[in-house]
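One structure below.
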Amino acid sequence: MNDEPPPLEKAHNFDEISEIPLNAEADFYVSENGITELLVYNYLDGEYVYQKLCASENYETEMKKIKDNMQFYLDQDTVLVNYEEKRMKLSEVELKFKDGLPEYPQLDFMIIIRCKLQEGNNVIEFYMESEIAPYDFQIKYHFPHGSEIIEVESLLSFKIIDNKIIMTAKKGDRVGGYEKIVFKV
């Protein structure tokens with residue numbers, strides 16, 4: 001049995017490369033000067049579409065489409081930090097392969113929310129469309145050292161460990177809607 005991927009062909013139209021991921025992970029790093037989210041989608045790609053994309057002369061164009069699509073979806077959600085609306089701005093996108101295997105592509109997104117925390121209580125609120133999770137995902141919030149998490153309101157299962165919140169959803173869970181985190185720095 002040949003474990004090598006098929007030879008790379010001349011790239012074709014990549015408009016269909018946004019398949020449903022196997023899973024996703026998001027890490028929110030909350031600091032005095034803003035919030036940085038590292039969002040990772042993991043895929044199974046038996047057709048090697050993403051590997052072909054890497055070898056394509058259209059790579060930059062297709063990566064820009066992926067970035068624009070993600071920014072479009074980010075713009076559908078509303079984020080408030082201390083009751084002020086803030087924009088989620090996609091800063092970077094990177095295509096990698098988990099463990100170097102071409103059948104396991106991974107899209108990494110870096111998202112920035114510019115805001116200032118205040119001394120004392122702070123509130124982060126997300127308003128998102130409610131939906132059924134199409135895949136498993138985990139979200140971690142990392143707050144500044146010494147922070148106290150006061151309140152979490154979410155449809156997701158969660159646990160608080162020191163200055164972190166770990167939220168999880170399984171495929172088929174109801175997710176989205178309104179989410180609120182109150183914490184003290």
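Residue numbering restarts at 1 in every chain; chains get A, B, ... in the order shown in the structure tokens, and ligands count up from 1 in that same order.
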
Region 99-168 of chain A near region 40-61 of chain A within 7 Å: what's each residue's closest atom pair and its distance in Å to one decimal, counting only C-alpha atoms, ordered by chain then ascending residue number, as JSON lines?
{"residue": "A:Pro102", "atom": "CA", "partner": "A:Gln51", "partner_atom": "CA", "distance": 5.9}
{"residue": "A:Glu103", "atom": "CA", "partner": "A:Asp45", "partner_atom": "CA", "distance": 4.7}
{"residue": "A:Tyr104", "atom": "CA", "partner": "A:Leu44", "partner_atom": "CA", "distance": 5.0}
{"residue": "A:Pro105", "atom": "CA", "partner": "A:Tyr43", "partner_atom": "CA", "distance": 5.4}
{"residue": "A:Gln106", "atom": "CA", "partner": "A:Asn42", "partner_atom": "CA", "distance": 4.6}
{"residue": "A:Leu107", "atom": "CA", "partner": "A:Tyr41", "partner_atom": "CA", "distance": 5.2}
{"residue": "A:Asp108", "atom": "CA", "partner": "A:Val40", "partner_atom": "CA", "distance": 4.5}
{"residue": "A:Phe109", "atom": "CA", "partner": "A:Val40", "partner_atom": "CA", "distance": 6.4}

* Contacts of region 19-30 of chain A within 7 Å, only C-alpha atoms, excl. fewer than 2 positions in-chain, as an MDAnalysis selection string -> chainID A and resid 17 34:44 135:144

* Would you mind listing what lies within 8 Å of region 70-79 of chain A as a list in words, with only C-alpha atoms counted and same-chain residues fewer than 6 positions away left out? => Glu85, Lys86, Arg87, Met88, Lys89, Leu90, Ile124, Glu125, Phe126, Tyr127, Met128 and Glu129 of chain A

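Note that CA of Ile160 (chain A) and CA of Val182 (chain A) are 12.3 Å apart.
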
* DSSP helix (DSSP H, G or I) residues within chain A, as a PyMOL selection string -> chain A and resi 49-54+59-76+98-100

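Note that the spacing between CA of Lys64 (chain A) and CA of Ser91 (chain A) amounts to 11.7 Å.
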
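For the residues A:Glu153, A:Asp162, A:Glu148, A:Glu131, ranking by smallest atom-to-atom distance to Gly176 (chain A) using only C-alpha atoms places A:Glu131 first.
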
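Residues in contact with Leu156 (chain A) at up to 9 Å, not including ones fewer than 6 positions away on its chain and judged by only C-alpha atoms, are Met167, Thr168, Ala169, Asp173, Arg174, Val175 and Gly176 of chain A.
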
* Option closest in space to Lys170 (chain A), from A:Ser157, A:Tyr83, A:Lys65, A:Glu94 [counting only C-alpha atoms] -> A:Ser157

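Computed from the coordinates, the CA of Leu117 (chain A) to CA of Ser154 (chain A) distance equals 21.2 Å.
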
* Enumerate as JSON, numbers by chain all residues of region 23-180 of chain A assigned to strand (DSSP E or B) by DSSP on the backbone, naming them with the chain letters and numbers the document uses. => {"A": [23, 24, 25, 26, 27, 28, 29, 30, 31, 34, 35, 36, 37, 38, 39, 40, 41, 42, 78, 79, 80, 81, 84, 85, 86, 88, 89, 90, 91, 92, 93, 94, 95, 96, 97, 105, 106, 107, 108, 109, 110, 111, 112, 113, 114, 121, 122, 123, 124, 125, 126, 127, 128, 129, 130, 131, 132, 136, 137, 138, 139, 140, 141, 142, 148, 149, 150, 151, 152, 153, 157, 158, 159, 160, 161, 164, 165, 166, 167, 168, 169, 174, 175, 176, 177, 178, 179, 180]}

Keeping only C-alpha atoms, write the selected residues as a CSV table (one decimal), in the first residue's frame.
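Once everything was written out, this is out.csv:
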chain,number,residue,atom,x,y,z
A,23,ASN,CA,-12.7,20.3,15.1
A,24,ALA,CA,-11.6,23.7,16.1
A,25,GLU,CA,-9.8,25.3,19.0
A,26,ALA,CA,-9.7,28.9,20.1
A,27,ASP,CA,-7.4,30.5,22.6
A,28,PHE,CA,-8.3,34.1,23.8
A,29,TYR,CA,-5.4,35.9,25.5
A,30,VAL,CA,-6.8,38.8,27.4
A,31,SER,CA,-4.4,41.6,28.4
A,34,GLY,CA,-6.5,44.0,24.1
A,35,ILE,CA,-7.5,40.5,23.3
A,36,THR,CA,-5.7,38.2,20.9
A,37,GLU,CA,-7.5,35.1,19.6
A,38,LEU,CA,-5.6,32.2,18.0
A,39,LEU,CA,-8.2,30.2,16.1
A,40,VAL,CA,-7.3,26.8,14.7
A,41,TYR,CA,-9.4,24.6,12.3
A,42,ASN,CA,-8.3,21.0,11.7
A,78,THR,CA,-20.9,41.7,17.9
A,79,VAL,CA,-18.3,42.0,20.7
A,80,LEU,CA,-18.6,44.5,23.6
A,81,VAL,CA,-15.8,45.1,26.0
A,84,GLU,CA,-18.2,49.4,24.1
A,85,GLU,CA,-18.6,47.7,20.7
A,86,LYS,CA,-15.2,46.5,19.4
A,88,MET,CA,-12.7,41.6,15.6
A,89,LYS,CA,-9.9,42.1,13.1
A,90,LEU,CA,-8.3,39.2,11.3
A,91,SER,CA,-4.6,39.9,11.4
A,92,GLU,CA,-3.0,36.7,9.9
A,93,VAL,CA,-4.0,33.4,8.4
A,94,GLU,CA,-1.6,30.5,7.9
A,95,LEU,CA,-2.0,27.1,6.3
A,96,LYS,CA,-0.1,24.2,7.9
A,97,PHE,CA,-0.3,20.5,8.0
A,105,PRO,CA,-4.4,20.5,6.9
A,106,GLN,CA,-4.8,23.1,9.6
A,107,LEU,CA,-5.9,26.8,9.2
A,108,ASP,CA,-4.5,29.1,11.9
A,109,PHE,CA,-6.1,32.5,12.3
A,110,MET,CA,-4.9,35.4,14.5
A,111,ILE,CA,-7.7,37.8,15.5
A,112,ILE,CA,-7.2,41.0,17.3
A,113,ILE,CA,-9.7,42.9,19.4
A,114,ARG,CA,-8.3,46.3,20.4
A,121,ASN,CA,-14.4,44.6,37.0
A,122,ASN,CA,-14.4,44.1,33.2
A,123,VAL,CA,-17.1,42.6,31.0
A,124,ILE,CA,-16.7,40.9,27.6
A,125,GLU,CA,-19.9,40.1,25.8
A,126,PHE,CA,-20.4,38.3,22.5
A,127,TYR,CA,-23.6,38.3,20.4
A,128,MET,CA,-23.5,35.5,17.8
A,129,GLU,CA,-26.1,33.7,15.8
A,130,SER,CA,-27.4,30.6,17.6
A,131,GLU,CA,-26.7,27.4,15.8
A,132,ILE,CA,-26.0,23.7,16.1
A,136,ASP,CA,-16.4,19.6,18.3
A,137,PHE,CA,-14.6,22.7,19.5
A,138,GLN,CA,-12.9,24.1,22.6
A,139,ILE,CA,-12.4,27.7,23.7
A,140,LYS,CA,-9.9,28.8,26.3
A,141,TYR,CA,-9.8,32.3,27.8
A,142,HIS,CA,-6.5,33.2,29.4
A,148,GLU,CA,-10.6,36.8,39.3
A,149,ILE,CA,-13.3,35.3,37.1
A,150,ILE,CA,-16.6,36.5,38.6
A,151,GLU,CA,-19.3,35.3,36.2
A,152,VAL,CA,-19.6,33.2,33.0
A,153,GLU,CA,-22.8,33.1,31.0
A,157,SER,CA,-20.0,23.7,29.1
A,158,PHE,CA,-17.3,25.4,31.0
A,159,LYS,CA,-14.9,25.1,33.9
A,160,ILE,CA,-12.8,27.8,35.6
A,161,ILE,CA,-9.3,26.9,36.6
A,164,LYS,CA,-8.6,30.5,32.8
A,165,ILE,CA,-11.9,29.4,31.4
A,166,ILE,CA,-12.2,26.3,29.3
A,167,MET,CA,-15.4,26.0,27.3
A,168,THR,CA,-16.3,22.9,25.2
A,169,ALA,CA,-19.0,22.0,22.7
A,174,ARG,CA,-26.6,24.3,20.6
A,175,VAL,CA,-24.0,27.0,20.6
A,176,GLY,CA,-23.8,30.8,20.0
A,177,GLY,CA,-26.4,33.3,21.0
A,178,TYR,CA,-25.2,35.5,23.9
A,179,GLU,CA,-22.1,35.0,25.9
A,180,LYS,CA,-20.8,37.0,28.8

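Here the question is which of A:Ile66, A:Gly120, A:Ala133, A:Leu101 gets nearest to Glu32 (chain A) using only C-alpha atoms, and that residue is A:Gly120.
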